[in-house]
Structure formats: structure tokens, C-alpha cells
Amino acid sequence: MLLWDEESEDWEEALSGLSALRRREIALIGIIMAVDSVRPSFETMFADHTVTWLRQALRRCRAELTQSTAEEIGTEQFFDELHALVEQDSAPGLASLVMALSTYVDCQAGDFTPECTLDVLSASYEAVLNSERIGKVTPDAERQNDNCMRLIEAQRDLLLGRR
């Protein structure tokens, strides 16, 4: 069990009191926070193509929140390109980022449930955890990693409206 699983046990209840739009916003911001939490930086850890593609996809997702334009988000081509990133870039954490974004886009098709939001936040956390390259991942090892702790706290603050 990851530290994130322990720390997020009561988050579903808080999420259930929020609108689907707010849960969607939280999930998207969670992905962006994970990208911004990669050390030394997202641009340093990942291939240029990956950085460009993911940044563009996140911009389109953010625009989609307010405009509902369906600008190639969720198409077969979008998912093909997203999943191809893992084949082209072996950076630690990328597979989890791909999972976070894939889940986010999949969940847009229906009511953005608390479970969807938690799945996105969990995958986002795992992206950062994997990029930290902790030898043996245990809750204690995660607690000793300031970046993992900082991201969990940032997600909690986001969920509780303190961010």
C-alpha cells in the first residue's frame, strides 16, 4: 500500500459533496501539479517530444473545462498518441502520467465521479513517486521524501479548497 492510499482514505467523502465540474478541475490541476513536481524538472526528465505533447494536451484539457469544444480530446488518435509516448520515452513516471491523463479524458464522457478524481490523483502521485526513484517503496520511505509529502499535501489542499 502506498502512503497516498493511506492519506487519501477519507477524500472520497469530501469529493462526493462537490460538483462534477469541480471534481474535473481538481483532477486536471492534480495532473498539472504532478508535472510541475517532477525533479529536477519535467523538461529535464522527459524527452522533448513528450514534454511538448503533454503540455499541449493539458492546455487543450484546460480549455475544454470552460469551452467544451471537444478539440481532439478523447479521439482514437489522441489516445494512440498518448499511449505511444511510453514506447518513445522511458523516463520514470511517464507511464503513470499517461494513465492519469487517459483516466481524466475517459471520465469526461460521463459524470466525473469521486472515484474518477481519486484515480487521476493517485496516478499523478505515482508519476512523481516513480520519478523520485525511491529504492524500496514503503509508506515510511515515502514519508522521508519531501517531494512525495509536498504533493500529497498539495492535493489535500486542492481537495479542501485551500488551493
# chains A, B, ... in the order shown; residues from 1 in each chain; ligands from 1
>>> select_by_dssp(residues="segment 57-152 of chain A", states="helix (DSSP H, G or I)", output="ChimeraX atom specification")
/A:57-67,76-88,94-108,114-132,139-143,146-152
>>> residues_around(residues="Leu158 of chain A", least_positions_apart="2", cutoff="10 Å", atoms="only C-alpha atoms", output="JSON, numbers by chain")
{"A": [25, 26, 27, 29, 30, 152, 153, 154, 155, 156, 160, 161, 162, 163]}
>>> write_last_selection(atoms="N, CA, C and O atoms", output="mmCIF file, in the first residue's frame")
data_model
loop_
_atom_site.group_PDB
_atom_site.id
_atom_site.type_symbol
_atom_site.label_atom_id
_atom_site.label_comp_id
_atom_site.auth_asym_id
_atom_site.auth_seq_id
_atom_site.Cartn_x
_atom_site.Cartn_y
_atom_site.Cartn_z
ATOM 1 N N GLU A 25 -12.022 19.705 -12.389
ATOM 2 C CA GLU A 25 -10.979 20.729 -12.211
ATOM 3 C C GLU A 25 -9.888 20.222 -11.279
ATOM 4 O O GLU A 25 -8.695 20.390 -11.561
ATOM 5 N N ILE A 26 -10.289 19.613 -10.175
ATOM 6 C CA ILE A 26 -9.323 19.087 -9.204
ATOM 7 C C ILE A 26 -8.433 18.039 -9.866
ATOM 8 O O ILE A 26 -7.212 18.043 -9.691
ATOM 9 N N ALA A 27 -9.028 17.151 -10.640
ATOM 10 C CA ALA A 27 -8.259 16.102 -11.306
ATOM 11 C C ALA A 27 -7.247 16.706 -12.281
ATOM 12 O O ALA A 27 -6.076 16.310 -12.290
ATOM 13 N N ILE A 29 -5.987 19.796 -12.345
ATOM 14 C CA ILE A 29 -4.960 20.518 -11.588
ATOM 15 C C ILE A 29 -4.009 19.526 -10.924
ATOM 16 O O ILE A 29 -2.802 19.764 -10.853
ATOM 17 N N GLY A 30 -4.538 18.379 -10.493
ATOM 18 C CA GLY A 30 -3.694 17.337 -9.905
ATOM 19 C C GLY A 30 -2.643 16.832 -10.880
ATOM 20 O O GLY A 30 -1.492 16.596 -10.504
ATOM 21 N N ILE A 152 1.320 15.210 -1.796
ATOM 22 C CA ILE A 152 0.132 14.758 -1.061
ATOM 23 C C ILE A 152 -0.535 15.942 -0.369
ATOM 24 O O ILE A 152 -1.760 16.090 -0.414
ATOM 25 N N GLU A 153 0.254 16.787 0.273
ATOM 26 C CA GLU A 153 -0.308 17.963 0.954
ATOM 27 C C GLU A 153 -0.961 18.924 -0.044
ATOM 28 O O GLU A 153 -2.024 19.484 0.227
ATOM 29 N N ALA A 154 -0.326 19.110 -1.191
ATOM 30 C CA ALA A 154 -0.897 19.997 -2.215
ATOM 31 C C ALA A 154 -2.215 19.433 -2.732
ATOM 32 O O ALA A 154 -3.184 20.182 -2.942
ATOM 33 N N GLN A 155 -2.278 18.112 -2.929
ATOM 34 C CA GLN A 155 -3.536 17.501 -3.369
ATOM 35 C C GLN A 155 -4.609 17.659 -2.297
ATOM 36 O O GLN A 155 -5.767 17.968 -2.612
ATOM 37 N N ARG A 156 -4.247 17.458 -1.040
ATOM 38 C CA ARG A 156 -5.208 17.626 0.060
ATOM 39 C C ARG A 156 -5.717 19.073 0.089
ATOM 40 O O ARG A 156 -6.915 19.312 0.210
ATOM 41 N N LEU A 160 -9.599 20.297 -0.483
ATOM 42 C CA LEU A 160 -10.302 21.012 0.576
ATOM 43 C C LEU A 160 -10.518 22.495 0.264
ATOM 44 O O LEU A 160 -11.008 23.244 1.102
ATOM 45 N N GLY A 161 -10.146 22.895 -0.938
ATOM 46 C CA GLY A 161 -10.381 24.274 -1.365
ATOM 47 C C GLY A 161 -9.420 25.282 -0.799
ATOM 48 O O GLY A 161 -9.686 26.480 -0.795
ATOM 49 N N ARG A 162 -8.298 24.812 -0.289
ATOM 50 C CA ARG A 162 -7.292 25.724 0.271
ATOM 51 C C ARG A 162 -6.252 26.106 -0.761
ATOM 52 O O ARG A 162 -5.259 26.726 -0.441
ATOM 53 N N ARG A 163 -6.493 25.701 -2.002
ATOM 54 C CA ARG A 163 -5.532 25.992 -3.079
ATOM 55 C C ARG A 163 -6.267 26.406 -4.314
ATOM 56 O O ARG A 163 -7.258 25.933 -4.697
#
>>> residues_around(residues="Ala20 of chain A", least_positions_apart="5", cutoff="12 Å", atoms="only C-alpha atoms", output="ChimeraX atom specification")
/A:15,25-27,65,107-117
>>> residues_around(residues="Val105 of chain A", least_positions_apart="2", cutoff="12 Å", atoms="only C-alpha atoms", output="tab-separated table (two decimals) with C-alpha atoms, in the first residue's frame")
chain	number	residue	atom	x	y	z
A	24	ARG	CA	-12.87	17.52	-13.00
A	27	ALA	CA	-8.26	16.10	-11.31
A	28	LEU	CA	-6.77	18.28	-14.05
A	31	ILE	CA	-2.07	16.23	-13.15
A	57	ALA	CA	-2.73	18.13	-24.27
A	58	LEU	CA	-3.01	19.73	-20.83
A	60	ARG	CA	-6.43	21.61	-24.52
A	61	CYS	CA	-7.90	19.92	-21.45
A	62	ARG	CA	-7.85	23.20	-19.55
A	64	GLU	CA	-12.11	22.19	-22.58
A	65	LEU	CA	-13.11	22.93	-18.97
A	70	ALA	CA	-14.00	18.58	-27.83
A	71	GLU	CA	-10.82	19.74	-29.55
A	72	GLU	CA	-9.42	16.29	-30.38
A	73	ILE	CA	-9.57	15.29	-26.74
A	74	GLY	CA	-10.77	11.73	-26.38
A	75	THR	CA	-10.46	10.73	-30.01
A	76	GLU	CA	-8.82	7.48	-31.03
A	78	PHE	CA	-5.48	11.29	-29.09
A	79	PHE	CA	-5.31	8.02	-27.16
A	82	LEU	CA	-0.84	9.43	-25.66
A	98	VAL	CA	-0.14	8.70	-19.24
A	99	MET	CA	-2.54	6.73	-17.01
A	100	ALA	CA	-3.59	9.91	-15.18
A	101	LEU	CA	-4.34	11.79	-18.40
A	102	SER	CA	-6.01	8.78	-20.02
A	103	THR	CA	-8.27	8.31	-17.00
A	107	CYS	CA	-14.01	10.12	-17.28
A	108	GLN	CA	-15.08	13.24	-19.16
A	109	ALA	CA	-17.50	11.12	-21.19
A	110	GLY	CA	-19.76	10.60	-18.16
A	111	ASP	CA	-20.32	12.10	-14.75
A	112	PHE	CA	-16.88	12.89	-13.36
A	116	CYS	CA	-12.51	9.12	-11.29
A	117	THR	CA	-10.96	12.04	-9.45
A	119	ASP	CA	-7.90	7.54	-9.80
A	120	VAL	CA	-6.41	10.57	-11.55
>>> residues_around(residues="segment 44-50 of chain A", least_positions_apart="6", cutoff="8 Å", atoms="only C-alpha atoms", output="count of residues only")
5
>>> decode(residues="segment 109-120 of chain A", atoms="all heavy atoms", output="PDB file, in the first residue's frame")
ATOM      1  N   ALA A 109     -16.361  11.593 -20.411  1.00  0.00           N
ATOM      2  CA  ALA A 109     -17.502  11.119 -21.191  1.00  0.00           C
ATOM      3  C   ALA A 109     -18.758  10.978 -20.336  1.00  0.00           C
ATOM      4  O   ALA A 109     -19.865  11.071 -20.852  1.00  0.00           O
ATOM      5  CB  ALA A 109     -17.172   9.789 -21.856  1.00  0.00           C
ATOM      6  N   GLY A 110     -18.607  10.754 -19.042  1.00  0.00           N
ATOM      7  CA  GLY A 110     -19.761  10.604 -18.161  1.00  0.00           C
ATOM      8  C   GLY A 110     -19.689  11.601 -17.022  1.00  0.00           C
ATOM      9  O   GLY A 110     -19.022  12.627 -17.112  1.00  0.00           O
ATOM     10  N   ASP A 111     -20.387  11.269 -15.951  1.00  0.00           N
ATOM     11  CA  ASP A 111     -20.319  12.103 -14.754  1.00  0.00           C
ATOM     12  C   ASP A 111     -18.943  11.914 -14.135  1.00  0.00           C
ATOM     13  O   ASP A 111     -18.520  10.788 -13.878  1.00  0.00           O
ATOM     14  CB  ASP A 111     -21.413  11.674 -13.771  1.00  0.00           C
ATOM     15  CG  ASP A 111     -21.491  12.585 -12.571  1.00  0.00           C
ATOM     16  OD1 ASP A 111     -21.116  13.771 -12.692  1.00  0.00           O
ATOM     17  OD2 ASP A 111     -21.932  12.120 -11.507  1.00  0.00           O
ATOM     18  N   PHE A 112     -18.233  12.972 -13.918  1.00  0.00           N
ATOM     19  CA  PHE A 112     -16.885  12.888 -13.362  1.00  0.00           C
ATOM     20  C   PHE A 112     -17.030  12.553 -11.875  1.00  0.00           C
ATOM     21  O   PHE A 112     -17.173  13.429 -11.038  1.00  0.00           O
ATOM     22  CB  PHE A 112     -16.123  14.195 -13.585  1.00  0.00           C
ATOM     23  CG  PHE A 112     -14.655  13.999 -13.752  1.00  0.00           C
ATOM     24  CD1 PHE A 112     -14.082  13.962 -15.013  1.00  0.00           C
ATOM     25  CD2 PHE A 112     -13.835  13.826 -12.658  1.00  0.00           C
ATOM     26  CE1 PHE A 112     -12.717  13.767 -15.176  1.00  0.00           C
ATOM     27  CE2 PHE A 112     -12.478  13.634 -12.800  1.00  0.00           C
ATOM     28  CZ  PHE A 112     -11.917  13.593 -14.064  1.00  0.00           C
ATOM     29  N   THR A 113     -16.995  11.265 -11.560  1.00  0.00           N
ATOM     30  CA  THR A 113     -17.276  10.779 -10.216  1.00  0.00           C
ATOM     31  C   THR A 113     -16.114  11.023  -9.256  1.00  0.00           C
ATOM     32  O   THR A 113     -14.979  11.265  -9.687  1.00  0.00           O
ATOM     33  CB  THR A 113     -17.558   9.262 -10.248  1.00  0.00           C
ATOM     34  OG1 THR A 113     -16.354   8.589 -10.653  1.00  0.00           O
ATOM     35  CG2 THR A 113     -18.699   8.930 -11.201  1.00  0.00           C
ATOM     36  N   PRO A 114     -16.378  10.906  -7.951  1.00  0.00           N
ATOM     37  CA  PRO A 114     -15.274  10.970  -6.986  1.00  0.00           C
ATOM     38  C   PRO A 114     -14.214   9.906  -7.261  1.00  0.00           C
ATOM     39  O   PRO A 114     -13.017  10.170  -7.111  1.00  0.00           O
ATOM     40  CB  PRO A 114     -15.971  10.729  -5.641  1.00  0.00           C
ATOM     41  CG  PRO A 114     -17.363  11.237  -5.843  1.00  0.00           C
ATOM     42  CD  PRO A 114     -17.697  10.880  -7.268  1.00  0.00           C
ATOM     43  N   GLU A 115     -14.643   8.705  -7.687  1.00  0.00           N
ATOM     44  CA  GLU A 115     -13.698   7.636  -7.984  1.00  0.00           C
ATOM     45  C   GLU A 115     -12.771   8.021  -9.136  1.00  0.00           C
ATOM     46  O   GLU A 115     -11.576   7.727  -9.100  1.00  0.00           O
ATOM     47  CB  GLU A 115     -14.432   6.332  -8.319  1.00  0.00           C
ATOM     48  CG  GLU A 115     -15.214   5.757  -7.154  1.00  0.00           C
ATOM     49  CD  GLU A 115     -16.585   6.402  -6.950  1.00  0.00           C
ATOM     50  OE1 GLU A 115     -17.093   7.120  -7.853  1.00  0.00           O
ATOM     51  OE2 GLU A 115     -17.148   6.214  -5.864  1.00  0.00           O
ATOM     52  N   CYS A 116     -13.336   8.654 -10.171  1.00  0.00           N
ATOM     53  CA  CYS A 116     -12.506   9.123 -11.287  1.00  0.00           C
ATOM     54  C   CYS A 116     -11.449  10.096 -10.790  1.00  0.00           C
ATOM     55  O   CYS A 116     -10.271   9.993 -11.146  1.00  0.00           O
ATOM     56  CB  CYS A 116     -13.369   9.825 -12.344  1.00  0.00           C
ATOM     57  SG  CYS A 116     -14.330   8.736 -13.392  1.00  0.00           S
ATOM     58  N   THR A 117     -11.881  11.030  -9.971  1.00  0.00           N
ATOM     59  CA  THR A 117     -10.959  12.042  -9.452  1.00  0.00           C
ATOM     60  C   THR A 117      -9.844  11.381  -8.648  1.00  0.00           C
ATOM     61  O   THR A 117      -8.665  11.706  -8.829  1.00  0.00           O
ATOM     62  CB  THR A 117     -11.715  13.062  -8.591  1.00  0.00           C
ATOM     63  OG1 THR A 117     -12.832  13.562  -9.330  1.00  0.00           O
ATOM     64  CG2 THR A 117     -10.816  14.214  -8.178  1.00  0.00           C
ATOM     65  N   LEU A 118     -10.204  10.449  -7.793  1.00  0.00           N
ATOM     66  CA  LEU A 118      -9.199   9.753  -6.990  1.00  0.00           C
ATOM     67  C   LEU A 118      -8.247   8.940  -7.859  1.00  0.00           C
ATOM     68  O   LEU A 118      -7.040   8.904  -7.593  1.00  0.00           O
ATOM     69  CB  LEU A 118      -9.878   8.853  -5.955  1.00  0.00           C
ATOM     70  CG  LEU A 118     -10.564   9.597  -4.813  1.00  0.00           C
ATOM     71  CD1 LEU A 118     -11.381   8.622  -3.967  1.00  0.00           C
ATOM     72  CD2 LEU A 118      -9.563  10.368  -3.962  1.00  0.00           C
ATOM     73  N   ASP A 119      -8.765   8.303  -8.895  1.00  0.00           N
ATOM     74  CA  ASP A 119      -7.904   7.535  -9.801  1.00  0.00           C
ATOM     75  C   ASP A 119      -6.881   8.441 -10.483  1.00  0.00           C
ATOM     76  O   ASP A 119      -5.707   8.083 -10.625  1.00  0.00           O
ATOM     77  CB  ASP A 119      -8.733   6.796 -10.852  1.00  0.00           C
ATOM     78  CG  ASP A 119      -9.499   5.616 -10.283  1.00  0.00           C
ATOM     79  OD1 ASP A 119      -9.220   5.188  -9.140  1.00  0.00           O
ATOM     80  OD2 ASP A 119     -10.409   5.117 -10.996  1.00  0.00           O
ATOM     81  N   VAL A 120      -7.319   9.619 -10.900  1.00  0.00           N
ATOM     82  CA  VAL A 120      -6.409  10.573 -11.553  1.00  0.00           C
ATOM     83  C   VAL A 120      -5.366  11.073 -10.556  1.00  0.00           C
ATOM     84  O   VAL A 120      -4.174  11.117 -10.866  1.00  0.00           O
ATOM     85  CB  VAL A 120      -7.190  11.748 -12.180  1.00  0.00           C
ATOM     86  CG1 VAL A 120      -6.229  12.845 -12.659  1.00  0.00           C
ATOM     87  CG2 VAL A 120      -8.069  11.265 -13.325  1.00  0.00           C
TER      88      VAL A 120
END
